[in-house]
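Report on one structure; see the data block that follows.
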Amino acid sequence: MRGAPVPSERVIPATARFIKPLSAVVVLLVLLVAPWFFTPYPLHIVIMTLLFAAAGSAWNIVGGYAGQLSLGHAAFFGIGAYTTTLLQIHLKLSPWIGMWAGAILAVVAAVLIGWATLRLQGPYFAIATIAFAEVLRLMTLHLRDFTGGAVGLTVPYLGNRPWYFQFEQKVYYYYVILTLLLLIVAVVRRMASSRLGYYLIAIGQNEIVAEAVGVPAVATKIKALTLSAFLTALCGTFYAQYIYFIDPFSVLSLGLSIEFALVAIVGGVRTVWGPVLGAALLRPLTELTQAALGATYAGVQLIVYGSLLILVILLRPEGLIGPVSRIYTRMMRRLEV
Amino acid sequence: MRPEILLQALVNGILMGGVYSLVSIGLTLIFGVVRIVNFAHGEFLMVGMYITYWLWALTRMDPIVTALVSMPILAVMGYFFYRALVRRVLGAPDLSQIFLTVGVSLVLQNFALLIFTANYRSVTVAYATQAFRVGPVSFSVARLIAFAVAVFLSLLVGLFLGRTDIGRAMRAVAQDRDAAMLLGIDPHRVYALAVALGAALAGAGGSVIMPYFYVFPTVGASFVLIAFVVVIMGGLGNVTGAFLGGIIMGIAESLGILFVGADAGVIVAFIILILVLVLRPQGLLAVRRG
């Protein structure tokens with residue numbers, strides 16, 4: 001596990017014992033208060049960054065820790081988005097409840113895909129996940145009467161109705177996505193130092209050896225995939241409720257799946273904070289290039305993404321979190337002395 | 001349903017399947033020899049299609065003839081793709097290998113979008129709408145030519161791998177790289193050649209389908225998905241398997257369109273993929289490689 005912050009074995013002096021919790025409290029306070037000082041557009045960028053950090057972290061569970069490279073996570077995102085929205089439109093069900101239905105559906109899909117493909121090693125999983133997301137996208141396009149087809153679905157606007165996941169002010173969406181991100185990061189953190197996490201890392205490094213020492217590889221991989229799908233679907237729900245509009249292109253495309261992976265890879269797979277860093281670097285870039293170039297130069301941003309992906313893989317395959325976490329540890333150490 | 005309709009669908013499927021075979025052989029060759037899944041393979045096809053389109057638009061060169069231009073260009077592209085990028089991730093984890101080619105695919109796709117826009121473009125040739133009948137079945141001339149060229153090129157690849165020294169060297173490297181090296185084969189040369197050849201075949205595929213297909217920047221995506229399934233169906237790295245798989249895929253897709261509706265291709269491909277992975281992941285021909 002290169003690049004991950006290594007817990008130090010040294011005895012921490014009594015005065016320094018408060019520094020970590022204290023700085024955590026300070027950071028949390030800043031996170032809670034800061035959005036009130038943002039104008040809507042920068043706040044939008046922050047919200048999208050947090051969303052992609054969350055989705056990238058969810059991808060990291062299966063793509064990073066388990067080393068099973070999904071190129072179809074948009075499927076789970078889309079399942080979350082469509083399930084919630086359809087339940088709200090047809091049954092007037094609050095998205096706060098609908099989101100769990102979406103997440104459970106995503107888990108069912110993940111179990112089926114996982115069962116069919118994760119027994120095998122090699123590129124099968126990556127290919128099957130692309131195919132699965134493509135099929136879902138095409139079916140959504142075709143089942144026009146139910147899903148709105150290419151026209152998409154608009155979330156019914158109800159005004160300021162917190163019980164229906166609708167807020168007049170962006171800042172509340174910020175709190176929702178921040179909570180979701182912190183939840184996912186907490187899950188990943190906990191998992192990383194749990195039996196599941198160690199199993200996954202063993203499998204990710206060498207599956208045959210892992211199985212030889214008694215790791216139930218297939219079951220563990222499926223478990224990781226379902227957890228990841230569940231969390232990704234929650235992100236999809238958030239997207240639908242925040243943007244108020246979904247269509248197959250925006251929530252089920254291969255480009256979206258790649259972006260989730262990209263966020264994790266650029267930041268650093270198999271690390272807790274890598275995807276968060278990746279999103280913080282990439283998402284503002286996306287939003288700003290989109291704003292600057294608009295539709296005239298559609299594609300420029302993806303050329304940049306593709307080149308970045310190639311560069312990171314060739315030059316720093318462990319992601320960019322390494323130097324950042326080194327600076328962090330050094331800073332912490334200096335504070336402790 | 002009248003049997004003629006079924007027969008017609010079967011013929012259409014086989015004709016399309018020939019092209020799938022050609023594209024898939026390129027993909028399986030690259031995998032078999034270099035052990036890299038080329039996620040940019042569809043974009044090689046797309047580049048071949050654009051080359052054909054522009055040669056036709058600017059000089060009215062016949063799309064089939066343009067294969068003679070698109071193949072060498074794609075071969076050179078493939079060669080540099082190997083030398084500059086693929087070579088550097090040979091021993092790297094799956095993540096590096098897969099996402100490197102995904103990155104290349106993103107760049108090529110969006111570069112095409114930038115310079116050619118998202119417009120659908122097609123060529124018009126005299127024989128595009130011609131067909132002749134044999135009994136109850138009609139054969140589209142354009143599809144028949146595409147099929148014939150695809151099968152011809154596939155056979156050439158088979159001969160090349162079986163009868164020439166460099167082809168045999170390629171198979172040797174595919175079977176056992178270290179042993180091949182001991183016999184004095186330079187694996188990097190063989191790898192570069194395999195990627196160049198695979199890319200050239202995708203380019204040829206792009207050229208021969210232009211008389212009855214249209215090109216747009218993301219056209220490769222659905223083709224590559226079908227090619228992946230064909231390659232898995234035939235057994236990863238198995239050239240004969242990819243050829244048969246392509247034909248089967250063409251037939252299955254054609255029947256899918258008949259019974260389910262247009263755009264059934266990817267859905268049929270997905271069903272086949274899941275069936276193959278569950279029942280016979282080693283591929284239909286079950287040739288296990290060393």
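In the structure tokens, chains take letters A, B, ... by order of appearance, with residues numbered from 1 within each chain and ligands from 1 in the order shown.
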
- Query: Please, which residues of chain B lie no more than 6 Å from chain A when the count uses only C-alpha atoms, and can they be set out as a list in words?
  - Reply: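 Only these qualify: Ser96, Leu100, Gly103, Leu106, Val107, Asn110, Ile267, Phe270 and Val278 of chain B.
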
- Item | A:Leu282 environment, 9 Å, only C-alpha atoms, sequence neighbours closer than 3 positions dropped, as a PyMOL selection string | chain A and resi 49+262-263+266+277-279+285-287+305

I'd like the contact shell of stretch 226-242 of chain A - 7 Å cut-off, only C-alpha atoms, skipping same-chain residues fewer than 4 positions apart - returned as a short mmCIF file (atom, residue, chain, number, x, y, z; two decimals) with N, CA and C atoms, in the first residue's frame.
```
data_model
loop_
_atom_site.label_atom_id
_atom_site.label_comp_id
_atom_site.auth_asym_id
_atom_site.auth_seq_id
_atom_site.Cartn_x
_atom_site.Cartn_y
_atom_site.Cartn_z
N LEU A 51 -19.71 15.42 -5.02
CA LEU A 51 -20.44 14.29 -5.61
C LEU A 51 -19.47 13.33 -6.28
N ALA A 55 -18.63 9.45 -5.46
CA ALA A 55 -18.76 8.36 -6.43
C ALA A 55 -17.39 7.71 -6.69
N ALA A 58 -16.60 5.44 -3.88
CA ALA A 58 -17.38 4.21 -3.97
C ALA A 58 -16.77 3.28 -5.02
N TRP A 59 -16.34 3.85 -6.14
CA TRP A 59 -15.68 3.05 -7.18
C TRP A 59 -14.40 2.41 -6.63
N ILE A 61 -13.68 1.22 -3.87
CA ILE A 61 -13.85 0.00 -3.08
C ILE A 61 -13.64 -1.23 -3.95
N VAL A 62 -14.27 -1.22 -5.13
CA VAL A 62 -14.15 -2.40 -5.98
C VAL A 62 -13.02 -2.24 -7.00
N PHE A 76 -24.96 1.71 -11.92
CA PHE A 76 -25.47 1.79 -10.54
C PHE A 76 -25.93 3.22 -10.22
N PHE A 77 -25.17 4.17 -10.72
CA PHE A 77 -25.51 5.59 -10.56
C PHE A 77 -26.88 5.84 -11.20
N GLY A 78 -27.03 5.34 -12.42
CA GLY A 78 -28.28 5.53 -13.15
C GLY A 78 -29.44 4.81 -12.49
N ILE A 79 -29.19 3.61 -11.98
CA ILE A 79 -30.26 2.88 -11.28
C ILE A 79 -30.75 3.71 -10.10
N GLY A 80 -29.83 4.27 -9.35
CA GLY A 80 -30.21 5.12 -8.22
C GLY A 80 -31.02 6.32 -8.68
N ALA A 81 -30.53 6.99 -9.71
CA ALA A 81 -31.19 8.21 -10.19
C ALA A 81 -32.59 7.91 -10.73
N THR A 84 -35.31 6.41 -7.96
CA THR A 84 -35.84 7.44 -7.07
C THR A 84 -36.81 8.36 -7.80
N MET A 99 -34.44 6.54 -2.33
CA MET A 99 -33.00 6.31 -2.53
C MET A 99 -32.57 4.91 -2.06
N GLY A 102 -33.54 2.43 -4.71
CA GLY A 102 -32.56 2.47 -5.80
C GLY A 102 -31.28 1.74 -5.42
N ALA A 103 -30.83 1.98 -4.18
CA ALA A 103 -29.59 1.35 -3.73
C ALA A 103 -29.73 -0.16 -3.68
N ILE A 104 -30.91 -0.63 -3.24
CA ILE A 104 -31.12 -2.08 -3.16
C ILE A 104 -31.18 -2.69 -4.56
N ALA A 106 -29.63 -1.56 -7.13
CA ALA A 106 -28.25 -1.56 -7.60
C ALA A 106 -27.50 -2.77 -7.03
N VAL A 107 -27.79 -3.10 -5.77
CA VAL A 107 -27.15 -4.26 -5.15
C VAL A 107 -27.55 -5.54 -5.87
N ALA A 110 -25.71 -5.71 -8.98
CA ALA A 110 -24.30 -6.00 -8.72
C ALA A 110 -24.09 -7.47 -8.42
N VAL A 111 -25.01 -8.08 -7.66
CA VAL A 111 -24.87 -9.50 -7.33
C VAL A 111 -24.93 -10.34 -8.61
N VAL A 155 -37.53 15.92 -12.52
CA VAL A 155 -38.02 15.72 -11.16
C VAL A 155 -39.10 16.77 -10.90
N PHE A 165 -36.65 16.14 -0.38
CA PHE A 165 -35.29 16.28 -0.91
C PHE A 165 -35.21 17.51 -1.81
N TYR A 173 -28.19 21.37 -0.31
CA TYR A 173 -27.68 20.25 -1.11
C TYR A 173 -26.22 19.99 -0.77
N ILE A 222 -17.52 -10.06 -4.65
CA ILE A 222 -18.94 -9.72 -4.84
C ILE A 222 -19.39 -8.78 -3.73
N ILE A 246 -32.76 14.08 -15.38
CA ILE A 246 -31.85 12.99 -15.75
C ILE A 246 -32.22 12.48 -17.13
#
```

- Message: When you count only C-alpha atoms, which of these residues is closest to A:Leu182: A:Leu28, A:Ala101, A:Met331, A:Leu288?
- Response: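 Using only C-alpha atoms, A:Leu182 sits closest to A:Leu28.
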